[in-house]
$ cat run.csv   # CSV, C-alpha atoms and all ligand atoms
chain,number,residue,atom,x,y,z
A,1,MET,CA,22.8,107.2,-10.7
A,2,ALA,CA,22.0,106.6,-14.4
A,3,SER,CA,24.8,104.7,-16.2
A,4,VAL,CA,23.3,105.6,-19.7
A,5,HIS,CA,22.4,108.8,-21.4
A,6,PHE,CA,20.7,109.6,-24.6
A,7,ASN,CA,20.7,112.9,-26.5
A,8,ARG,CA,17.1,112.6,-27.6
A,9,ILE,CA,14.5,110.0,-26.7
A,10,ALA,CA,11.3,109.7,-28.8
A,11,LEU,CA,8.2,108.3,-27.2
A,12,ILE,CA,5.6,107.2,-29.8
A,13,GLY,CA,2.4,106.6,-27.9
A,14,ILE,CA,1.9,108.3,-24.6
A,15,GLY,CA,-0.6,106.2,-22.7
A,16,LEU,CA,0.0,104.4,-19.5
A,17,ILE,CA,3.3,102.9,-20.5
A,18,GLY,CA,4.6,105.9,-22.6
A,19,SER,CA,3.8,108.4,-19.9
A,20,SER,CA,5.3,106.2,-17.2
A,21,LEU,CA,8.5,106.1,-19.2
A,22,ALA,CA,8.3,109.9,-19.6
A,23,HIS,CA,8.1,110.3,-15.8
A,24,ALA,CA,10.8,107.8,-15.1
A,25,ILE,CA,13.2,109.2,-17.8
A,26,LYS,CA,12.8,112.7,-16.3
A,27,ALA,CA,13.2,111.5,-12.7
A,28,ARG,CA,16.4,109.6,-13.6
A,29,GLY,CA,17.8,112.2,-16.0
A,30,LEU,CA,18.3,109.7,-18.9
A,31,THR,CA,18.2,112.3,-21.6
A,32,ASP,CA,18.3,116.0,-22.5
A,33,HIS,CA,15.2,115.9,-24.8
A,34,VAL,CA,12.0,113.8,-24.7
A,35,ALA,CA,10.1,114.1,-28.0
A,36,ILE,CA,6.5,112.9,-27.8
A,37,SER,CA,4.0,111.9,-30.4
A,38,SER,CA,0.5,110.4,-30.1
A,39,ARG,CA,-2.1,109.5,-32.7
A,40,SER,CA,-4.8,111.9,-31.5
A,41,ALA,CA,-4.5,115.7,-30.9
A,42,ALA,CA,-6.3,115.3,-27.6
A,43,THR,CA,-3.8,112.9,-26.1
A,44,LEU,CA,-0.9,114.9,-27.4
A,45,ALA,CA,-2.3,118.1,-25.9
A,46,ARG,CA,-2.9,116.3,-22.5
A,47,ALA,CA,0.7,115.1,-22.5
A,48,GLU,CA,1.8,118.7,-23.0
A,49,GLU,CA,-0.4,120.0,-20.2
A,50,LEU,CA,1.1,117.3,-18.0
A,51,GLY,CA,4.6,118.5,-19.0
A,52,LEU,CA,5.6,114.9,-19.9
A,53,GLY,CA,8.1,115.9,-22.6
A,54,THR,CA,10.4,118.5,-24.2
A,55,SER,CA,8.7,118.7,-27.6
A,56,TYR,CA,5.4,117.5,-28.9
A,57,HIS,CA,4.7,116.3,-32.5
A,58,ALA,CA,1.5,115.5,-34.3
A,59,ASN,CA,3.4,113.2,-36.7
A,60,ALA,CA,5.5,110.4,-35.3
A,61,ILE,CA,8.1,110.9,-38.0
A,62,ASP,CA,8.9,114.4,-36.7
A,63,ALA,CA,9.4,113.1,-33.1
A,64,VAL,CA,12.0,110.4,-34.2
A,65,ARG,CA,14.2,112.7,-36.2
A,66,ASP,CA,17.7,112.9,-34.5
A,67,ALA,CA,16.5,110.6,-31.7
A,68,ASP,CA,19.1,108.0,-30.6
A,69,LEU,CA,16.4,106.0,-28.7
A,70,VAL,CA,12.8,105.5,-30.0
A,71,ILE,CA,10.3,103.6,-27.9
A,72,VAL,CA,7.0,102.7,-29.5
A,73,SER,CA,4.2,102.3,-26.9
A,74,VAL,CA,1.0,101.6,-28.9
A,75,PRO,CA,-1.4,98.7,-29.1
A,76,VAL,CA,0.5,95.7,-30.7
A,77,GLY,CA,-1.8,95.7,-33.7
A,78,ALA,CA,-0.7,99.2,-34.6
A,79,SER,CA,3.1,98.6,-34.4
A,80,GLY,CA,3.6,97.7,-38.1
A,81,ALA,CA,1.9,100.9,-39.3
A,82,VAL,CA,3.9,103.0,-36.8
A,83,ALA,CA,7.2,101.4,-38.0
A,84,ALA,CA,6.3,102.1,-41.6
A,85,GLU,CA,5.6,105.8,-40.7
A,86,ILE,CA,8.8,106.5,-38.8
A,87,ALA,CA,11.3,104.4,-40.7
A,88,PRO,CA,12.3,107.1,-43.2
A,89,ALA,CA,13.5,109.4,-40.4
A,90,LEU,CA,15.4,106.8,-38.3
A,91,LYS,CA,19.2,107.6,-38.5
A,92,PRO,CA,21.8,104.9,-38.4
A,93,GLY,CA,22.8,103.9,-34.9
A,94,THR,CA,19.4,104.7,-33.4
A,95,ILE,CA,18.0,102.1,-31.1
A,96,LEU,CA,14.3,101.3,-31.9
A,97,SER,CA,12.3,99.4,-29.3
A,98,ASP,CA,8.7,98.8,-28.2
A,99,VAL,CA,6.8,97.8,-25.1
A,100,GLY,CA,4.1,95.5,-26.7
A,101,SER,CA,2.7,92.6,-24.7
A,102,THR,CA,3.3,90.1,-27.6
A,103,LYS,CA,6.7,89.8,-29.3
A,104,THR,CA,6.6,87.5,-32.3
A,105,SER,CA,3.9,89.5,-34.0
A,106,VAL,CA,5.4,92.8,-33.2
A,107,ILE,CA,8.8,91.7,-34.7
A,108,THR,CA,7.0,90.3,-37.8
A,109,GLN,CA,5.2,93.6,-38.2
A,110,MET,CA,8.0,96.0,-37.5
A,111,ALA,CA,11.2,94.4,-38.7
A,112,PRO,CA,10.5,94.6,-42.5
A,113,HIS,CA,10.4,98.5,-42.3
A,114,ILE,CA,13.6,99.0,-40.3
A,115,PRO,CA,16.4,100.7,-42.3
A,116,ASP,CA,20.0,99.2,-42.3
A,117,GLY,CA,22.1,100.5,-39.4
A,118,VAL,CA,19.1,101.0,-37.1
A,119,HIS,CA,19.1,98.6,-34.1
A,120,PHE,CA,15.7,97.2,-33.7
A,121,ILE,CA,15.3,95.3,-30.3
A,122,ALA,CA,11.8,94.5,-29.2
A,123,GLY,CA,11.0,94.6,-25.5
A,124,HIS,CA,8.2,94.2,-23.0
A,125,PRO,CA,8.0,95.7,-19.5
A,126,VAL,CA,6.1,93.2,-17.4
A,127,ALA,CA,4.5,96.0,-15.4
A,128,GLY,CA,1.1,97.7,-15.7
A,129,THR,CA,-2.2,98.7,-14.2
A,130,GLU,CA,-5.8,98.5,-15.5
A,131,HIS,CA,-5.7,102.3,-16.3
A,132,SER,CA,-4.9,103.8,-19.7
A,133,GLY,CA,-4.0,107.2,-21.2
A,134,PRO,CA,-1.4,109.9,-20.4
A,135,ASP,CA,-2.8,110.6,-16.9
A,136,ALA,CA,-2.3,107.0,-15.8
A,137,GLY,CA,1.5,107.0,-15.9
A,138,PHE,CA,3.8,107.3,-12.8
A,139,ALA,CA,7.6,107.3,-12.4
A,140,THR,CA,7.8,104.1,-10.3
A,141,LEU,CA,5.8,101.8,-12.5
A,142,PHE,CA,8.8,99.8,-13.5
A,143,ASP,CA,10.6,99.7,-10.1
A,144,GLY,CA,11.4,96.2,-9.2
A,145,ARG,CA,9.5,94.8,-12.2
A,146,TRP,CA,11.0,92.8,-15.0
A,147,THR,CA,11.5,94.0,-18.6
A,148,ILE,CA,12.0,91.2,-21.2
A,149,LEU,CA,14.1,92.0,-24.2
A,150,THR,CA,13.8,89.7,-27.3
A,151,PRO,CA,16.7,90.7,-29.5
A,152,LEU,CA,17.0,88.9,-32.8
A,153,PRO,CA,20.0,86.5,-33.1
A,154,ASP,CA,22.0,89.1,-35.2
A,155,ALA,CA,21.3,92.0,-32.8
A,156,ASP,CA,24.3,94.3,-32.0
A,157,PRO,CA,25.5,93.4,-28.4
A,158,ASP,CA,26.4,97.0,-27.7
A,159,ALA,CA,22.9,98.2,-28.6
A,160,VAL,CA,21.3,95.5,-26.5
A,161,ALA,CA,23.5,96.5,-23.6
A,162,LYS,CA,22.5,100.1,-24.0
A,163,LEU,CA,18.8,99.3,-24.1
A,164,ARG,CA,19.3,97.1,-21.1
A,165,ALA,CA,20.9,100.0,-19.2
A,166,PHE,CA,18.0,102.2,-20.2
A,167,TRP,CA,15.5,99.9,-18.7
A,168,GLU,CA,17.6,99.5,-15.6
A,169,GLY,CA,17.8,103.3,-15.5
A,170,VAL,CA,14.0,103.5,-15.3
A,171,GLY,CA,14.0,101.1,-12.4
A,172,SER,CA,13.5,97.7,-14.1
A,173,MET,CA,15.3,94.4,-13.9
A,174,VAL,CA,16.1,93.0,-17.3
A,175,GLU,CA,15.9,89.5,-18.8
A,176,GLU,CA,16.6,88.4,-22.4
A,177,MET,CA,14.8,85.6,-24.2
A,178,ASP,CA,13.6,84.7,-27.7
A,179,ALA,CA,10.3,86.1,-28.8
A,180,ALA,CA,8.5,82.8,-29.1
A,181,HIS,CA,9.4,81.8,-25.6
A,182,HIS,CA,8.3,85.2,-24.3
A,183,ASP,CA,4.9,84.7,-26.0
A,184,LYS,CA,4.4,81.3,-24.3
A,185,VAL,CA,5.4,82.6,-20.9
A,186,MET,CA,3.1,85.6,-21.2
A,187,ALA,CA,0.3,83.4,-22.4
A,188,ILE,CA,0.2,81.7,-19.0
A,189,VAL,CA,1.2,84.5,-16.6
A,190,SER,CA,-0.7,87.4,-18.2
A,191,HIS,CA,-2.9,86.6,-21.2
A,192,LEU,CA,-4.8,83.6,-19.7
A,193,PRO,CA,-5.5,85.3,-16.4
A,194,HIS,CA,-6.9,88.3,-18.3
A,195,ILE,CA,-9.0,86.0,-20.5
A,196,ILE,CA,-10.3,84.1,-17.5
A,197,ALA,CA,-11.1,87.3,-15.8
A,198,TYR,CA,-13.0,88.7,-18.8
A,199,ASN,CA,-14.9,85.5,-19.0
A,200,ILE,CA,-15.9,85.2,-15.4
A,201,VAL,CA,-17.0,88.8,-15.2
A,202,GLY,CA,-18.9,88.4,-18.4
A,203,THR,CA,-20.6,85.2,-17.0
A,204,ALA,CA,-21.6,87.0,-13.9
A,205,GLU,CA,-23.1,89.9,-15.9
A,206,ASP,CA,-25.1,87.4,-18.0
A,207,LEU,CA,-26.6,85.4,-15.1
A,208,GLU,CA,-30.3,85.5,-14.7
A,209,THR,CA,-30.7,83.9,-11.2
A,210,VAL,CA,-28.2,86.2,-9.5
A,211,THR,CA,-28.8,89.9,-10.0
A,212,GLU,CA,-26.1,92.4,-11.0
A,213,SER,CA,-26.6,94.3,-7.7
A,214,GLU,CA,-25.9,91.1,-5.8
A,215,VAL,CA,-22.8,90.4,-7.8
A,216,ILE,CA,-21.5,93.9,-6.9
A,217,LYS,CA,-22.7,93.9,-3.3
A,218,TYR,CA,-21.0,90.6,-2.4
A,219,SER,CA,-18.0,91.0,-4.7
A,220,ALA,CA,-15.4,91.2,-1.8
A,221,SER,CA,-15.7,87.4,-1.5
A,222,GLY,CA,-13.5,86.9,-4.5
A,223,PHE,CA,-15.2,88.2,-7.7
A,224,ARG,CA,-13.7,91.7,-7.1
A,225,ASP,CA,-10.2,90.4,-7.6
A,226,PHE,CA,-11.1,89.4,-11.2
A,227,THR,CA,-12.7,92.7,-12.0
A,228,ARG,CA,-9.4,94.6,-11.8
A,229,LEU,CA,-8.0,92.5,-14.6
A,230,ALA,CA,-11.3,92.6,-16.5
A,231,ALA,CA,-11.3,96.4,-16.4
A,232,SER,CA,-8.1,96.5,-18.5
A,233,ASP,CA,-8.1,98.4,-21.8
A,234,PRO,CA,-10.3,96.7,-24.4
A,235,THR,CA,-8.2,97.7,-27.4
A,236,MET,CA,-5.0,96.5,-25.9
A,237,TRP,CA,-6.5,93.1,-24.9
A,238,ARG,CA,-8.3,92.6,-28.2
A,239,ASP,CA,-4.9,93.1,-29.9
A,240,VAL,CA,-3.1,90.8,-27.4
A,241,CYS,CA,-5.6,88.0,-28.1
A,242,LEU,CA,-5.3,88.4,-31.9
A,243,HIS,CA,-1.5,88.7,-31.9
A,244,ASN,CA,-0.6,85.8,-29.5
A,245,LYS,CA,-3.3,83.5,-30.8
A,246,ASP,CA,-1.3,80.2,-31.0
A,247,ALA,CA,0.3,80.4,-27.5
A,248,ILE,CA,-3.0,81.5,-26.0
A,249,LEU,CA,-5.0,78.7,-27.6
A,250,GLU,CA,-2.3,76.2,-26.5
A,251,MET,CA,-2.6,77.4,-22.8
A,252,LEU,CA,-6.4,77.6,-23.0
A,253,ALA,CA,-6.5,73.9,-24.1
A,254,ARG,CA,-4.3,72.9,-21.2
A,255,PHE,CA,-6.4,75.1,-18.9
A,256,SER,CA,-9.7,73.4,-20.1
A,257,GLU,CA,-8.2,70.0,-19.4
A,258,ASP,CA,-7.2,71.0,-15.9
A,259,LEU,CA,-10.6,72.6,-15.3
A,260,ALA,CA,-12.3,69.3,-16.4
A,261,TYR,CA,-10.2,67.5,-13.8
A,262,LEU,CA,-11.3,69.9,-11.1
A,263,GLN,CA,-14.9,69.7,-12.2
A,264,ARG,CA,-14.7,65.9,-12.0
A,265,ALA,CA,-13.2,66.0,-8.5
A,266,ILE,CA,-16.0,68.2,-7.3
A,267,ARG,CA,-18.7,66.0,-8.9
A,268,TRP,CA,-17.3,62.8,-7.4
A,269,GLY,CA,-16.6,64.4,-4.0
A,270,GLU,CA,-12.8,63.8,-4.3
A,271,GLY,CA,-11.7,66.1,-1.4
A,272,ASP,CA,-8.1,64.8,-1.4
A,273,LYS,CA,-7.6,65.9,-5.0
A,274,LEU,CA,-9.0,69.3,-4.3
A,275,PHE,CA,-7.0,69.7,-1.1
A,276,ASP,CA,-3.8,68.7,-2.8
A,277,LEU,CA,-4.3,71.2,-5.6
A,278,PHE,CA,-5.3,74.1,-3.3
A,279,THR,CA,-2.2,73.4,-1.2
A,280,ARG,CA,0.2,73.5,-4.2
A,281,THR,CA,-1.3,76.7,-5.5
A,282,ARG,CA,-1.0,78.4,-2.1
A,283,ALA,CA,2.8,77.7,-2.3
A,284,ILE,CA,3.0,79.6,-5.6
A,285,ARG,CA,1.5,82.6,-3.9
A,286,ARG,CA,4.1,82.4,-1.2
A,287,SER,CA,6.9,82.3,-3.8
A,288,ILE,CA,5.5,85.4,-5.6
A,289,VAL,CA,5.6,87.3,-2.3
A,290,GLN,CA,9.1,86.0,-1.5
A,291,ALA,CA,10.3,87.2,-5.0
A,292,GLY,CA,9.1,90.7,-4.1
A,293,GLN,CA,6.4,90.7,-6.9
A,294,ASP,CA,3.6,91.4,-4.4
A,295,THR,CA,3.1,92.0,-0.6
A,296,ALA,CA,1.8,89.5,1.9
A,297,ALA,CA,-0.6,92.1,3.2
A,298,PRO,CA,-4.2,90.8,3.3
A,299,ASP,CA,-6.6,91.9,0.5
A,300,PHE,CA,-3.8,91.4,-2.1
A,301,GLY,CA,-1.8,94.1,-0.5
A,302,ARG,CA,-4.0,96.8,-2.1
A,303,HIS,CA,-4.8,98.8,1.1
A,304,ALA,CA,-1.1,98.7,2.0
A,305,LEU,CA,-0.1,100.0,-1.4
A,306,GLU,CA,-2.8,102.7,-1.5
A,307,GLN,CA,-1.6,104.1,1.8
A,308,LYS,CA,2.0,104.5,0.6
B,401,LIG,P1,-2.8,103.2,-23.6
B,401,LIG,O1,-2.7,103.8,-22.3
B,401,LIG,O2,-4.2,102.9,-24.1
B,401,LIG,O3,-2.1,104.2,-24.7
B,401,LIG,C1,-2.0,103.8,-26.0
B,401,LIG,C2,-1.2,104.8,-26.9
B,401,LIG,O4,-1.2,104.3,-28.2
B,401,LIG,C3,-1.9,106.2,-27.0
B,401,LIG,O5,-0.8,107.2,-27.1
B,401,LIG,C4,-2.7,106.1,-28.2
B,401,LIG,O6,-2.9,107.3,-28.9
B,401,LIG,C5,-1.8,105.2,-29.1
B,401,LIG,N1,-2.6,104.5,-30.1
B,401,LIG,C6,-3.7,103.8,-29.9
B,401,LIG,N2,-4.1,103.2,-31.0
B,401,LIG,C7,-3.2,103.5,-32.0
B,401,LIG,C8,-3.1,103.3,-33.4
B,401,LIG,N3,-4.0,102.5,-34.0
B,401,LIG,N4,-2.1,103.8,-34.0
B,401,LIG,C9,-1.2,104.6,-33.4
B,401,LIG,N5,-1.2,104.9,-32.1
B,401,LIG,C10,-2.2,104.4,-31.4
B,401,LIG,O7,-1.9,101.9,-23.8
B,401,LIG,P2,-0.8,101.3,-22.8
B,401,LIG,O8,-1.4,100.6,-21.7
B,401,LIG,O9,0.3,102.4,-22.6
B,401,LIG,O10,-0.2,100.2,-23.8
B,401,LIG,C11,0.7,100.5,-24.8
B,401,LIG,C12,1.5,99.2,-25.2
B,401,LIG,O11,2.1,98.7,-24.0
B,401,LIG,C13,0.6,98.1,-25.7
B,401,LIG,O12,1.2,97.4,-26.8
B,401,LIG,C14,0.5,97.1,-24.6
B,401,LIG,O13,0.4,95.7,-25.0
B,401,LIG,C15,1.8,97.3,-23.8
B,401,LIG,N6,1.8,97.1,-22.4
B,401,LIG,C16,0.7,97.5,-21.6
B,401,LIG,C17,0.7,97.2,-20.3
B,401,LIG,C18,-0.5,97.6,-19.4
B,401,LIG,O14,-0.6,97.1,-18.3
B,401,LIG,N7,-1.3,98.5,-19.9
B,401,LIG,C19,1.8,96.5,-19.7
B,401,LIG,C20,2.9,96.2,-20.5
B,401,LIG,C21,2.9,96.5,-21.8
B,401,LIG,P3,-4.2,108.3,-28.8
B,401,LIG,O15,-4.6,108.2,-27.3
B,401,LIG,O16,-3.6,109.6,-29.2
B,401,LIG,O17,-5.2,107.7,-29.7
$ encode --input "run.csv" --output "structure tokens"
Amino acid sequence: MASVHFNRIALIGIGLIGSSLAHAIKARGLTDHVAISSRSAATLARAEELGLGTSYHANAIDAVRDADLVIVSVPVGASGAVAAEIAPALKPGTILSDVGSTKTSVITQMAPHIPDGVHFIAGHPVAGTEHSGPDAGFATLFDGRWTILTPLPDADPDAVAKLRAFWEGVGSMVEEMDAAHHDKVMAIVSHLPHIIAYNIVGTAEDLETVTESEVIKYSASGFRDFTRLAASDPTMWRDVCLHNKDAILEMLARFSEDLAYLQRAIRWGEGDKLFDLFTRTRAIRRSIVQAGQDTAAPDFGRHALEQK
């Protein structure tokens, strides 16, 4: 099934994304050796207990030695320091990639450390859950989801093709675009929804006239769907906000304008405007289901997914 094979894959960072990669790599037989490293002894020990890899390394530099593919899966704010640490042990011909949710910042942080002859191609699997850590991963996380690669203009086409084949090997579909465009697209489809969710859940928590127990008791009316996003990892999302600042601020400005339009329509009883917007947004939901990125089952398909 796999059209690509690596002698040794190093996974630096073994949380949700790193451990999902480990499961998928094993399930699809993409390598003979998975070398794992994580910052803390506790996470590394847990990865070993779970049998996620072939060898386990307290220092990232030992994991990447002799690897022909290295995937860095750490919070985006840590990518520069990780690149600096592993750089001396990267051999020519190695493909180095990452999974960070922002791309311009990761490239700016990592690229200066990369030795000549090493193929650095940044990437981002657009797949995830609100859970973190090595126990959270599963082999099918990337199935039917998109991975975006953001190769630099001088990237080696063979290396890009090999990395593309790797992501296809773990179940993903692959698209290429430049890093700045990636960051704009993600600002609207991922970063803004999370920020809105953090904000609405924070507002509900701060309310004085509605109690917290009421918010929880009646949450099935809509609030609950925001809480899944707002339960996402605080470190990861702090870093995303700090490292995609410009694109997020641009989208937030646009969002605020549109919210003011909505606010005005509600204030002035302009039902037609509300109805028109709500009809257009419903069509987007249908397109997402048609594209296979969610199910049409009620309750956001969650019960259907849980029963699988
Ligand atoms: P996670 O489950 O929290 O795991 C994070 C991993 O990075 C752990 O191995 C952790 O090590 C390590 N780490 C944390 N801080 C570090 C630091 N300062 N220096 C070095 N290593 C550090 O995170 P994740 O969800 O897998 O996310 C990893 C990356 O994937 C992030 O860049 C994120 O933007 C991206 N991503 C996430 C999702 C998602 O839905 N979660 C989706 C797509 C992409 P210890 O546990 O040993 O401290």
$ closest_residue --input "run.csv" --among "A:Ser105, A:Asn199, A:Ser97, A:Ser132" --to "ligand LIG 401 (chain B)" --atoms "all atoms listed in the file"
A:Ser132
$ residues_near_ligand --input "run.csv" --ligand "ligand LIG 401 (chain B)" --cutoff "6 Å" --atoms "all atoms listed in the file" --output "list in words"
Gly13, Ile14, Gly15, Leu16, Ile17, Gly18, Ser38, Arg39, Ser40, Thr43, Ser73, Val74, Pro75, Val76, Ala78, Val99, Gly100, Ser101, His124, Pro125, Val126, Ala127, Gly128, Thr129, Ser132, Gly133 and Met236 of chain A
$ write_last_selection --input "run.csv" --atoms "C-alpha atoms" --output "mmCIF file, keeping the file's coordinate frame"
data_model
loop_
_atom_site.group_PDB
_atom_site.id
_atom_site.type_symbol
_atom_site.label_atom_id
_atom_site.label_comp_id
_atom_site.auth_asym_id
_atom_site.auth_seq_id
_atom_site.Cartn_x
_atom_site.Cartn_y
_atom_site.Cartn_z
ATOM 1 C CA GLY A 13 2.400 106.600 -27.900
ATOM 2 C CA ILE A 14 1.900 108.300 -24.600
ATOM 3 C CA GLY A 15 -0.600 106.200 -22.700
ATOM 4 C CA LEU A 16 0.000 104.400 -19.500
ATOM 5 C CA ILE A 17 3.300 102.900 -20.500
ATOM 6 C CA GLY A 18 4.600 105.900 -22.600
ATOM 7 C CA SER A 38 0.500 110.400 -30.100
ATOM 8 C CA ARG A 39 -2.100 109.500 -32.700
ATOM 9 C CA SER A 40 -4.800 111.900 -31.500
ATOM 10 C CA THR A 43 -3.800 112.900 -26.100
ATOM 11 C CA SER A 73 4.200 102.300 -26.900
ATOM 12 C CA VAL A 74 1.000 101.600 -28.900
ATOM 13 C CA PRO A 75 -1.400 98.700 -29.100
ATOM 14 C CA VAL A 76 0.500 95.700 -30.700
ATOM 15 C CA ALA A 78 -0.700 99.200 -34.600
ATOM 16 C CA VAL A 99 6.800 97.800 -25.100
ATOM 17 C CA GLY A 100 4.100 95.500 -26.700
ATOM 18 C CA SER A 101 2.700 92.600 -24.700
ATOM 19 C CA HIS A 124 8.200 94.200 -23.000
ATOM 20 C CA PRO A 125 8.000 95.700 -19.500
ATOM 21 C CA VAL A 126 6.100 93.200 -17.400
ATOM 22 C CA ALA A 127 4.500 96.000 -15.400
ATOM 23 C CA GLY A 128 1.100 97.700 -15.700
ATOM 24 C CA THR A 129 -2.200 98.700 -14.200
ATOM 25 C CA SER A 132 -4.900 103.800 -19.700
ATOM 26 C CA GLY A 133 -4.000 107.200 -21.200
ATOM 27 C CA MET A 236 -5.000 96.500 -25.900
#
$ residues_around --input "run.csv" --residues "Thr227 in chain A" --least-positions-apart "2" --cutoff "8 Å" --atoms "all atoms listed in the file" --output "NGL selection string"
:A and (197-198 or 201 or 223-225 or 229-231)
$ closest_residue --input "run.csv" --among "A:Ala283, A:His182, A:Ile196, A:Lys26" --to "Ser256 in chain A" --atoms "only C-alpha atoms"
A:Ile196
$ atom_distance --input "run.csv" --atom1 "CA of Leu52 in chain A" --atom2 "CA of Asp32 in chain A"
13.0 Å
$ decode --input "run.csv" --residues "range 240-246 of chain A" --atoms "all heavy atoms" --output "PDB file, in the first residue's frame"
ATOM      1  N   VAL A 240      -0.102  29.845  18.851  1.00  0.00           N
ATOM      2  CA  VAL A 240      -0.722  30.161  17.558  1.00  0.00           C
ATOM      3  C   VAL A 240      -1.067  31.659  17.506  1.00  0.00           C
ATOM      4  O   VAL A 240      -0.775  32.338  16.516  1.00  0.00           O
ATOM      5  CB  VAL A 240      -1.987  29.292  17.339  1.00  0.00           C
ATOM      6  CG1 VAL A 240      -2.811  29.820  16.166  1.00  0.00           C
ATOM      7  CG2 VAL A 240      -1.604  27.825  17.097  1.00  0.00           C
ATOM      8  N   CYS A 241      -1.646  32.176  18.578  1.00  0.00           N
ATOM      9  CA  CYS A 241      -2.023  33.610  18.600  1.00  0.00           C
ATOM     10  C   CYS A 241      -0.792  34.502  18.487  1.00  0.00           C
ATOM     11  O   CYS A 241      -0.807  35.505  17.768  1.00  0.00           O
ATOM     12  CB  CYS A 241      -2.784  33.951  19.874  1.00  0.00           C
ATOM     13  SG  CYS A 241      -4.413  33.208  19.929  1.00  0.00           S
ATOM     14  N   LEU A 242       0.277  34.131  19.187  1.00  0.00           N
ATOM     15  CA  LEU A 242       1.479  34.970  19.155  1.00  0.00           C
ATOM     16  C   LEU A 242       2.222  34.859  17.830  1.00  0.00           C
ATOM     17  O   LEU A 242       2.892  35.800  17.414  1.00  0.00           O
ATOM     18  CB  LEU A 242       2.435  34.572  20.304  1.00  0.00           C
ATOM     19  CG  LEU A 242       1.893  34.754  21.734  1.00  0.00           C
ATOM     20  CD1 LEU A 242       2.924  34.291  22.752  1.00  0.00           C
ATOM     21  CD2 LEU A 242       1.507  36.209  21.991  1.00  0.00           C
ATOM     22  N   HIS A 243       2.078  33.713  17.146  1.00  0.00           N
ATOM     23  CA  HIS A 243       2.880  33.464  15.943  1.00  0.00           C
ATOM     24  C   HIS A 243       2.117  33.600  14.629  1.00  0.00           C
ATOM     25  O   HIS A 243       2.675  33.355  13.569  1.00  0.00           O
ATOM     26  CB  HIS A 243       3.569  32.089  16.031  1.00  0.00           C
ATOM     27  CG  HIS A 243       4.653  32.081  17.065  1.00  0.00           C
ATOM     28  ND1 HIS A 243       5.964  32.359  16.770  1.00  0.00           N
ATOM     29  CD2 HIS A 243       4.602  31.885  18.401  1.00  0.00           C
ATOM     30  CE1 HIS A 243       6.681  32.316  17.889  1.00  0.00           C
ATOM     31  NE2 HIS A 243       5.879  32.032  18.892  1.00  0.00           N
ATOM     32  N   ASN A 244       0.829  33.941  14.699  1.00  0.00           N
ATOM     33  CA  ASN A 244       0.121  34.285  13.449  1.00  0.00           C
ATOM     34  C   ASN A 244      -0.627  35.597  13.691  1.00  0.00           C
ATOM     35  O   ASN A 244      -1.752  35.791  13.227  1.00  0.00           O
ATOM     36  CB  ASN A 244      -0.845  33.175  13.028  1.00  0.00           C
ATOM     37  CG  ASN A 244      -1.263  33.328  11.583  1.00  0.00           C
ATOM     38  OD1 ASN A 244      -0.578  33.989  10.798  1.00  0.00           O
ATOM     39  ND2 ASN A 244      -2.394  32.747  11.222  1.00  0.00           N
ATOM     40  N   LYS A 245       0.039  36.471  14.401  1.00  0.00           N
ATOM     41  CA  LYS A 245      -0.559  37.716  14.893  1.00  0.00           C
ATOM     42  C   LYS A 245      -1.191  38.560  13.776  1.00  0.00           C
ATOM     43  O   LYS A 245      -2.366  38.947  13.875  1.00  0.00           O
ATOM     44  CB  LYS A 245       0.573  38.496  15.574  1.00  0.00           C
ATOM     45  CG  LYS A 245       0.205  39.799  16.168  1.00  0.00           C
ATOM     46  CD  LYS A 245       1.438  40.321  16.892  1.00  0.00           C
ATOM     47  CE  LYS A 245       1.341  41.806  17.122  1.00  0.00           C
ATOM     48  NZ  LYS A 245       2.520  42.325  17.817  1.00  0.00           N
ATOM     49  N   ASP A 246      -0.439  38.812  12.698  1.00  0.00           N
ATOM     50  CA  ASP A 246      -0.933  39.735  11.664  1.00  0.00           C
ATOM     51  C   ASP A 246      -2.189  39.204  10.981  1.00  0.00           C
ATOM     52  O   ASP A 246      -3.176  39.926  10.840  1.00  0.00           O
ATOM     53  CB  ASP A 246       0.158  40.012  10.623  1.00  0.00           C
ATOM     54  CG  ASP A 246       1.314  40.785  11.242  1.00  0.00           C
ATOM     55  OD1 ASP A 246       1.142  41.320  12.356  1.00  0.00           O
ATOM     56  OD2 ASP A 246       2.398  40.832  10.628  1.00  0.00           O
TER      57      ASP A 246
END
